[in-house]
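Chemist: Got a structure for you, written out below as structure tokens; questions coming shortly.
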There are 6 protein chains.
Amino acid sequence: MTGVIITGVPRPPEGDVKKLRGYGVATVHEAMGRTGSLGPDLRPIQQDVTVAGPAVTALCWPGDNLMIHAAIEQCQAGDILVVAAAAPSTHGMFGDLFATALKRRGVVGLVIDAAVRDTATLREMDFAAWSRHVSAQGTVKATAGSVNIPVVVAGQIIKPGDVVVADDDGVVCVPRLRTAEVVTAAQARVEKEEASRAAFEQGQLGLDRYGLRPLLAELGVTYQAWDEAHTAAEVVR
Amino acid sequence: MTGVIITGVPRPPEGDVKKLRGYGVATVHEAMGRTGSLGPDLRPIQQDVTVAGPAVTALCWPGDNLMIHAAIEQCQAGDILVVAAAAPSTHGMFGDLFATALKRRGVVGLVIDAAVRDTATLREMDFAAWSRHVSAQGTVKATAGSVNIPVVVAGQIIKPGDVVVADDDGVVCVPRLRTAEVVTAAQARVEKEEASRAAFEQGQLGLDRYGLRPLLAELGVTYQAWDEAHTAAEVVR
Amino acid sequence: MTGVIITGVPRPPEGDVKKLRGYGVATVHEAMGRTGSLGPDLRPIQQDVTVAGPAVTALCWPGDNLMIHAAIEQCQAGDILVVAAAAPSTHGMFGDLFATALKRRGVVGLVIDAAVRDTATLREMDFAAWSRHVSAQGTVKATAGSVNIPVVVAGQIIKPGDVVVADDDGVVCVPRLRTAEVVTAAQARVEKEEASRAAFEQGQLGLDRYGLRPLLAELGVTYQAWDEAHTAAEVVR
Amino acid sequence: MTGVIITGVPRPPEGDVKKLRGYGVATVHEAMGRTGSLGPDLRPIQQDVTVAGPAVTALCWPGDNLMIHAAIEQCQAGDILVVAAAAPSTHGMFGDLFATALKRRGVVGLVIDAAVRDTATLREMDFAAWSRHVSAQGTVKATAGSVNIPVVVAGQIIKPGDVVVADDDGVVCVPRLRTAEVVTAAQARVEKEEASRAAFEQGQLGLDRYGLRPLLAELGVTYQAWDEAHTAAEVVR
Amino acid sequence: MTGVIITGVPRPPEGDVKKLRGYGVATVHEAMGRTGSLGPDLRPIQQDVTVAGPAVTALCWPGDNLMIHAAIEQCQAGDILVVAAAAPSTHGMFGDLFATALKRRGVVGLVIDAAVRDTATLREMDFAAWSRHVSAQGTVKATAGSVNIPVVVAGQIIKPGDVVVADDDGVVCVPRLRTAEVVTAAQARVEKEEASRAAFEQGQLGLDRYGLRPLLAELGVTYQAWDEAHTAAEVVR
Amino acid sequence: MTGVIITGVPRPPEGDVKKLRGYGVATVHEAMGRTGSLGPDLRPIQQDVTVAGPAVTALCWPGDNLMIHAAIEQCQAGDILVVAAAAPSTHGMFGDLFATALKRRGVVGLVIDAAVRDTATLREMDFAAWSRHVSAQGTVKATAGSVNIPVVVAGQIIKPGDVVVADDDGVVCVPRLRTAEVVTAAQARVEKEEASRAAFEQGQLGLDRYGLRPLLAELGVTYQAWDEAHTAAEVVR
């Protein structure tokens, strides 16, 4: 594997990024028609932090952080560094020195499909990170990779310039050319959810609010009283 | 798979539930003869919270939260909602809207064999949850399931009306008709443990307190000094 | 499997242990030529705590904590108890009673290749623990094992008297006879890292500081502008 | 944990067992409304073998096969021995000596939520086994458990006397009192599948045979030609 | 999630596909600069079979095979059906009826990021399949998905029309527009490997053939005799 | 990490190796007091093959097979090559070219804590291999490691010259200086097992042969008839 470093990646409008950050991961994911989620395996090392920013991507060889050095040069203020590995890796490829360099450039966070280390220091520095593992295991700088090519992280394609949003629920990726559309859909969803929240606080049931009783009937779901069920031979399962 | 919704599930005595909550998960599990634990895979999204309550159970299709809507209607104040999946699922089937509806009904917590989302909001709301995963990945409402049938969560059978106790050590399930017996056994264990704790604080060894030295000898375990062991060819293993 | 309990294990110099604790896990691991890390699977139950101490090792049968009782008697002030299992185990083999006995003896922490329980109490007691799992599942005392023999935990050999260092990044093991050498190397690394940190704060790039640009070229990594790459048929991957 | 050994477990009609074996795991699972499957984690050690029989259940402590000895005495010709572990276990709890004893009694197979060993010999002996692991790791006989109580294996409740069916697709469990009903449903399913198979061999599509085209339309799924999709800004995802 | 079905996907030249099949997975992966491998998690249900063909892709909801029905209509002779799931799934989404329909159309194999069932029958039918799981667990037809959009399977992007090659070593994906280039590189690699094989059969060492001795020296790797190493305090590690 | 290559490793007596091969993995593991097993995660790529031989060990960086080249030069007829990785790796680090070189030297098998590839060819060549994964993913040659130092594979310490025995049940490691002792214990075990097998064929029960009935009673295990148990409120669990 050799590699390429793509320079001059276009970023999406800052206003869209800011709004996506405000909506958070779950809402953005729903607004994209339930796509874009990186699932449960990349977890934050801190609590109660939300970030959003255009992705600068790096594809590294397992146990090798050479391309992170190359990627840093491509990072601008507001970006999120996204590190993928060419095969599964538990190496602590990223620590406080990298975080120092990224903070200097105004980078707002890290998403890495491997491990981070120096996690106590990263939290002290307010440098937000999402990773598959936490581990002290160190790396070498010996093998080629790429910067700013499309990568796959946790089953999701992330292209350079795509907006990555990350919070306590994980990470979601919004394609660069769809940010405006997703902002609109997210805003609509927020409004709908606020109305539902108010209704549920009043005691309305989802069964009624979303009209689900007929669906249950259509699917053959029946109601049975406990006493009746337990004089029967066995509870249906 | 079609399904059934069982209504009118009997609950165990409130006094027993309150006492089981006071003992916590590890003590209750021991008091049941070391049974009932859901093991290490269902983890709390918050720290230092203990809940206990009768289970309302829902069996859902993976990626589908229709039956959670049906289950909410069956929940009463003090209950815990227990959600099982018909096959392993990483979907964030439960979020802050459901939590709003459940809080309104006085439900004290959630145990789910899938993911939760909106975890930052759930913590703010003081709605306690134990789950296999945390993930923003959303769901549909399309496939039948059941409410208040016996389910299996993390290798443990949970029947509607059983008492679920959950804290930082995980989750334990007490069959509805055994709560009184378990309360008695838990109380006995607590008293025994308090005496042991006092003894250990004074420096007594478990080897002596529990009379384990003869057992070690009977099992053939021998003592050997470091110097002696290391003039021998190799440490026995 | 029967077993042996080795007594009179020599400890490394206290001064070295104290210094290793000061460096933390990632630095010590690097100072050992990137060896000794237990990887990502043993995690702390608390945040922002670092401990270091000579290992007292116990090898237990899964679901059986008999040998922990035997190991406690071999523990001295400043030690760390290291518990290995003869096969993978999710049992909560260690709880607050054991922690009480260990605190009385001045033991500074626990590393266990199984589960801990009573985790809320352990945190209250300021007893630090690293484990593969958290689970309430209890144990028996029926099967032989050994104390103070070399054990394997998370792929790493730990011999009695080796120095275990543990923090938020996991656990590292330093062989007893190498502590002085590792202290020296760690000190050198710290100084080098401080200089790098200062440089990165000033905006220097790792590419330049570590002279990596020629390596990238030698490996065939090329730079390409976004516009150029995207008029080509496809981004190279 | 102490235990109980239940004797005199009733078995279901032999004719039903024989028919269930003929249908195989996938068909029986479907005939039960898509319930009863033990999922992907228990795998056969042999290929192209199907067995069915009433379950004799054993609940063992991890790393301890004492209760398998007790269970064997409860086994009759035609039975399947089902071994559950009180916590996850990788021990090779079952080998060729047990298989010899079971063959003598006419037992037709083993389902175990742990490991088997002597697998080459078991295949030579034509003793069929499904297990979570294969491993030589041996066990002790020191801790109590139970025989012929309901157990959970791979997320599925198996009660003594239930019919276990196992083949290359895994294992399914049919409750003892439902065998007749399941035989009837399985037969209906087989006939339906045969008709579908014939139709598919003739070139009919499932879309047409099952009337799925309107469903796709209702769900908003649209058709788009490749050329049209690729002049658009981006393929919808 | 709604979806789209893309029709009229262009296929790569048949000659290239045939040659790629001849090279096998490992060689094709190396010829692509060590990219394109789906790694170890998708395994064949049969032994000693190699297939290659253009991908028809389906993205399904977990536990739902509706879109496989839609995908079959898009399959042509020589194709391979690639099924991705919108979240991890253990469902046996594919069985012998689907295989019957695909064989009728001349489809040469299946790659699925979920489970297959009826595996004994599939082997009898000579229908080749690679899957993450084997399980009898059945599915519904209720939720939308897409056909012939780019999907991610086991960390790898597969676009419709890409060539999928699969054998005992797993699966590799070759982008549609790169097949000619990869055939050329694979042929070169085969020739190089044949020369190496002949040399190794004669007793040459890789150290010499690939000129690795200077690299070892440059990396600081030293040779030490056993006796010398073992009079030293400890073997370096 | 730099490294060392140890030359001139002493081998154990050939006669012992041959006998250990005859006993097989499970018997050897039992004869060592139930130690030495590598557990369930390293699996053979072939069926019905047993090998035994002294270990030549290699410690490689993940995704890098440089040290395998160095290790081959240290291999003699009858040896088994054991490859450990400095961190978890799914790379197919070993294929048919390495196997060709090893066969030329008379090496009898491979044990690798990563992946193998070219598995169909290896089977054709009768080159036996045990690995954690099978994957085509290729490697580089860039980072130092060691040869013939003690390594940990699947939780087990393997030192150069130790005897590795591998069959369908997995892998076991016998320390070099204990081979004679283990041969004696294994022979005793085989004789004992043959007597037990004969007794079980005659219908004797393990409960009686091993005198387990008093142990069950002592542990509080009781017998209860089905009818009696089921007029009680609930089966004890």
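To be explicit about the labels: the chains of the structure tokens are called A, B, and onward in the order shown, and within each one the residues are counted from 1, while ligands get numbers from 1 in the order they are shown.
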Report as a tab-separated table the residues of chain E within 7 Å of chain F, each with its shortest atom pair and distance in Å (one decimal), using only C-alpha atoms, ordered by chain and increasing residue number.

Modeler:
residue	atom	partner	partner_atom	distance
E:Val25	CA	F:Ala136	CA	6.5
E:Ala26	CA	F:Ala136	CA	4.7
E:Glu30	CA	F:Gly138	CA	6.6
E:Arg34	CA	F:Gly138	CA	5.9
E:Ser37	CA	F:Gln137	CA	5.9
E:Gly39	CA	F:Ser135	CA	5.3
E:Pro40	CA	F:Ser135	CA	4.7
E:Asp48	CA	F:Ala120	CA	6.1
E:Asp168	CA	F:Ala120	CA	6.3
E:Asp169	CA	F:Ser135	CA	5.1
E:Gly170	CA	F:Ser135	CA	6.0
E:Arg197	CA	F:Leu97	CA	5.8
E:Phe200	CA	F:Ala101	CA	5.0
E:Glu201	CA	F:Arg104	CA	6.0
E:Gly203	CA	F:Arg104	CA	6.5
E:Gly206	CA	F:His69	CA	5.6
E:Leu207	CA	F:His69	CA	5.7
E:Leu216	CA	F:Ala144	CA	6.9
E:Leu219	CA	F:Ala144	CA	5.9
E:Gly220	CA	F:Thr2	CA	5.9
E:Val221	CA	F:Gly3	CA	4.7
E:Thr222	CA	F:Val4	CA	4.9
E:Tyr223	CA	F:Ile5	CA	4.7
E:Gln224	CA	F:Ile6	CA	5.0
E:Ala225	CA	F:Thr7	CA	4.8
E:Trp226	CA	F:Gly8	CA	5.5
E:Val235	CA	F:Ile149	CA	6.8

Chemist: Skipping near chain neighbours, those fewer than 2 positions away, what residues fall within 7 Å of region 174-190 of chain D using only C-alpha atoms, listed as a list in words?

Modeler: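 Everything that qualifies: Pro12, Asp16, Lys19, Leu20, Tyr23, Thr27, Val28, Ala31, Met32, Gly36, Gly161, Asp162, Val163, Val164, Val172, Lys192, Glu193 and Glu194 of chain D.
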
Chemist: Could you save the residues just selected, with N, CA and C atoms, as a compact mmCIF listing (two decimals), in the first residue's frame?

Modeler:
# COMPACT_ATOMS: atom_id res chain seq x y z
N PRO D 12 -42.09 -35.95 25.25
CA PRO D 12 -43.15 -35.76 24.25
C PRO D 12 -43.29 -37.02 23.40
N ASP D 16 -43.77 -37.31 17.18
CA ASP D 16 -43.54 -35.88 16.95
C ASP D 16 -42.04 -35.58 16.83
N LYS D 19 -40.75 -36.57 13.51
CA LYS D 19 -41.16 -35.66 12.43
C LYS D 19 -40.39 -34.34 12.50
N LEU D 20 -40.19 -33.82 13.70
CA LEU D 20 -39.46 -32.55 13.85
C LEU D 20 -38.05 -32.70 13.29
N TYR D 23 -38.04 -32.27 9.62
CA TYR D 23 -38.22 -30.91 9.09
C TYR D 23 -36.93 -30.08 9.16
N THR D 27 -37.02 -24.88 9.34
CA THR D 27 -38.46 -25.05 9.17
C THR D 27 -39.18 -25.08 10.51
N VAL D 28 -38.63 -25.78 11.48
CA VAL D 28 -39.27 -25.84 12.80
C VAL D 28 -39.32 -24.44 13.44
N ALA D 31 -41.99 -22.54 11.82
CA ALA D 31 -43.31 -23.08 12.19
C ALA D 31 -43.71 -22.63 13.59
N MET D 32 -42.75 -22.23 14.39
CA MET D 32 -43.05 -21.73 15.74
C MET D 32 -43.23 -20.22 15.75
N GLY D 36 -37.58 -19.68 19.17
CA GLY D 36 -36.93 -20.91 19.59
C GLY D 36 -35.52 -21.11 19.11
N GLY D 161 -37.48 -32.05 28.79
CA GLY D 161 -38.58 -32.62 28.02
C GLY D 161 -38.92 -31.84 26.77
N ASP D 162 -38.46 -30.61 26.67
CA ASP D 162 -38.63 -29.88 25.40
C ASP D 162 -37.87 -30.62 24.31
N VAL D 163 -38.32 -30.48 23.08
CA VAL D 163 -37.61 -31.14 21.99
C VAL D 163 -36.55 -30.19 21.41
N VAL D 164 -35.33 -30.67 21.41
CA VAL D 164 -34.24 -29.95 20.79
C VAL D 164 -33.99 -30.54 19.41
N VAL D 172 -32.70 -25.47 17.59
CA VAL D 172 -33.98 -24.86 17.93
C VAL D 172 -34.63 -25.69 19.03
N LYS D 192 -45.80 -25.38 1.44
CA LYS D 192 -45.78 -24.05 0.84
C LYS D 192 -44.40 -23.78 0.20
N GLU D 193 -43.37 -24.19 0.89
CA GLU D 193 -42.02 -23.95 0.38
C GLU D 193 -41.75 -24.77 -0.89
N GLU D 194 -42.30 -25.97 -0.92
CA GLU D 194 -42.09 -26.79 -2.12
C GLU D 194 -42.72 -26.13 -3.34

Chemist: Region 103-222 of chain B: which residues are helix (DSSP H, G or I) by DSSP, as an MDAnalysis selection string?

Modeler: chainID B and resid 103:105 119:124 176:201 206:209 213:218

Chemist: Could the residues in this selection be saved with C-alpha atoms as a PDB file, in the first residue's frame?

Modeler:
ATOM      1  CA  LYS B 103     -41.421   9.401  33.976  1.00  0.00           C
ATOM      2  CA  ARG B 104     -44.975  10.714  33.656  1.00  0.00           C
ATOM      3  CA  ARG B 105     -46.185   7.250  34.720  1.00  0.00           C
ATOM      4  CA  THR B 119     -28.024   9.488  27.084  1.00  0.00           C
ATOM      5  CA  ALA B 120     -26.931  12.975  28.121  1.00  0.00           C
ATOM      6  CA  THR B 121     -30.584  14.013  28.310  1.00  0.00           C
ATOM      7  CA  LEU B 122     -31.577  10.854  30.192  1.00  0.00           C
ATOM      8  CA  ARG B 123     -28.951  11.641  32.818  1.00  0.00           C
ATOM      9  CA  GLU B 124     -30.220  15.219  33.084  1.00  0.00           C
ATOM     10  CA  ARG B 176     -42.127 -12.422  41.937  1.00  0.00           C
ATOM     11  CA  LEU B 177     -43.091 -15.215  44.301  1.00  0.00           C
ATOM     12  CA  ARG B 178     -39.687 -15.371  45.967  1.00  0.00           C
ATOM     13  CA  THR B 179     -39.271 -11.754  47.089  1.00  0.00           C
ATOM     14  CA  ALA B 180     -40.008 -12.367  50.764  1.00  0.00           C
ATOM     15  CA  GLU B 181     -37.604 -15.290  50.951  1.00  0.00           C
ATOM     16  CA  VAL B 182     -34.884 -13.292  49.218  1.00  0.00           C
ATOM     17  CA  VAL B 183     -35.355 -10.309  51.524  1.00  0.00           C
ATOM     18  CA  THR B 184     -34.810 -12.585  54.506  1.00  0.00           C
ATOM     19  CA  ALA B 185     -31.712 -14.181  53.033  1.00  0.00           C
ATOM     20  CA  ALA B 186     -30.311 -10.800  51.982  1.00  0.00           C
ATOM     21  CA  GLN B 187     -30.763  -9.410  55.482  1.00  0.00           C
ATOM     22  CA  ALA B 188     -28.891 -12.393  56.915  1.00  0.00           C
ATOM     23  CA  ARG B 189     -26.113 -11.896  54.420  1.00  0.00           C
ATOM     24  CA  VAL B 190     -25.793  -8.197  55.167  1.00  0.00           C
ATOM     25  CA  GLU B 191     -25.380  -8.943  58.862  1.00  0.00           C
ATOM     26  CA  LYS B 192     -22.783 -11.590  58.185  1.00  0.00           C
ATOM     27  CA  GLU B 193     -20.886  -9.266  55.853  1.00  0.00           C
ATOM     28  CA  GLU B 194     -20.896  -6.456  58.384  1.00  0.00           C
ATOM     29  CA  ALA B 195     -19.281  -8.738  60.917  1.00  0.00           C
ATOM     30  CA  SER B 196     -16.692  -9.826  58.376  1.00  0.00           C
ATOM     31  CA  ARG B 197     -15.975  -6.242  57.394  1.00  0.00           C
ATOM     32  CA  ALA B 198     -15.342  -5.312  61.005  1.00  0.00           C
ATOM     33  CA  ALA B 199     -13.033  -8.293  61.412  1.00  0.00           C
ATOM     34  CA  PHE B 200     -11.101  -7.485  58.223  1.00  0.00           C
ATOM     35  CA  GLU B 201     -10.709  -3.890  59.371  1.00  0.00           C
ATOM     36  CA  GLY B 206     -10.284 -14.566  55.284  1.00  0.00           C
ATOM     37  CA  LEU B 207      -8.095 -17.672  55.450  1.00  0.00           C
ATOM     38  CA  ASP B 208      -8.771 -17.750  59.192  1.00  0.00           C
ATOM     39  CA  ARG B 209     -12.262 -16.284  59.346  1.00  0.00           C
ATOM     40  CA  ARG B 213      -6.333 -23.256  55.562  1.00  0.00           C
ATOM     41  CA  PRO B 214      -7.405 -26.919  55.862  1.00  0.00           C
ATOM     42  CA  LEU B 215      -9.094 -26.718  52.462  1.00  0.00           C
ATOM     43  CA  LEU B 216      -5.899 -25.461  50.836  1.00  0.00           C
ATOM     44  CA  ALA B 217      -3.986 -28.337  52.402  1.00  0.00           C
ATOM     45  CA  GLU B 218      -6.598 -30.870  51.330  1.00  0.00           C
TER      46      GLU B 218
END

Chemist: Please return, as a PyMOL selection string, all residues of region 13-226 of chain D that DSSP assigns to strand (DSSP E) on the basis of the backbone.

Modeler: chain D and resi 43-44+51-60+80-85+92-94+109-116+128-134+146-147+151-153+156-158+163-167+170-174+222-225

Chemist: Please compute the CA of Ala154 (chain D)-CA of Asp79 (chain B) distance, one decimal, in Å.

Modeler: 27.2 Å

Chemist: Please identify all polymer residues within 9 Å of Ile112 (chain A), counting only C-alpha atoms, omitting same-chain residues fewer than 5 positions from it, and present them as a list in words.

Modeler: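 Listing them by chain and then by number gives Leu42, Leu81, Val82, Val83, Ala84, Ala85, Met93, Phe94, Ala129, Trp130, Ser131, Arg132, His133 and Val153 of chain A.
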
Chemist: If you count only C-alpha atoms, which residues fall within 8 Å of Gln156 (chain C), apart from same-chain ones fewer than 4 positions away, as a list in words?

Modeler: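 With the cut-off at 8 Å, the set is Gly36, Ser37, Leu38, Val152 and Cys173 of chain C; Val152 and Gly155 of chain F.
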
Chemist: Quick one: distance from CA of Lys18 (chain E) to CA of Val111 (chain E) in Å, one decimal?

Modeler: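 Atom-to-atom, CA of Lys18 (chain E) to CA of Val111 (chain E), that is 18.1 Å.
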
Chemist: For CA of Met125 (chain B) and CA of Val17 (chain B), determine how far apart the two atoms are, in Å to one decimal place.

Modeler: 22.8 Å

Chemist: Can you pull out every residue within 6 Å of Ile80 (chain D), counting only C-alpha atoms, but drop anything in the same chain fewer than 5 positions away, and send it as an mmCIF file with N, CA and C atoms, in the first residue's frame?

Modeler:
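Wrote it out as selection01.cif, contents follow:
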data_model
loop_
_atom_site.group_PDB
_atom_site.id
_atom_site.type_symbol
_atom_site.label_atom_id
_atom_site.label_comp_id
_atom_site.auth_asym_id
_atom_site.auth_seq_id
_atom_site.Cartn_x
_atom_site.Cartn_y
_atom_site.Cartn_z
ATOM 1 N N GLY D 53 -34.432 -34.637 19.830
ATOM 2 C CA GLY D 53 -34.753 -35.462 20.998
ATOM 3 C C GLY D 53 -35.169 -34.604 22.164
ATOM 4 N N PRO D 54 -35.822 -35.236 23.156
ATOM 5 C CA PRO D 54 -36.199 -34.515 24.370
ATOM 6 C C PRO D 54 -34.940 -34.109 25.141
ATOM 7 N N ALA D 55 -34.981 -32.915 25.742
ATOM 8 C CA ALA D 55 -33.825 -32.395 26.465
ATOM 9 C C ALA D 55 -33.762 -32.942 27.884
ATOM 10 N N VAL D 107 -28.381 -41.967 23.880
ATOM 11 C CA VAL D 107 -28.552 -40.514 23.727
ATOM 12 C C VAL D 107 -28.059 -40.104 22.337
ATOM 13 N N VAL D 108 -28.783 -39.182 21.680
ATOM 14 C CA VAL D 108 -28.491 -38.910 20.273
ATOM 15 C C VAL D 108 -27.632 -37.681 20.030
ATOM 16 N N GLY D 109 -27.372 -36.891 21.060
ATOM 17 C CA GLY D 109 -26.534 -35.722 20.809
ATOM 18 C C GLY D 109 -26.358 -34.865 22.039
ATOM 19 N N LEU D 110 -25.518 -33.826 21.877
ATOM 20 C CA LEU D 110 -25.167 -32.908 22.953
ATOM 21 C C LEU D 110 -25.285 -31.478 22.450
#
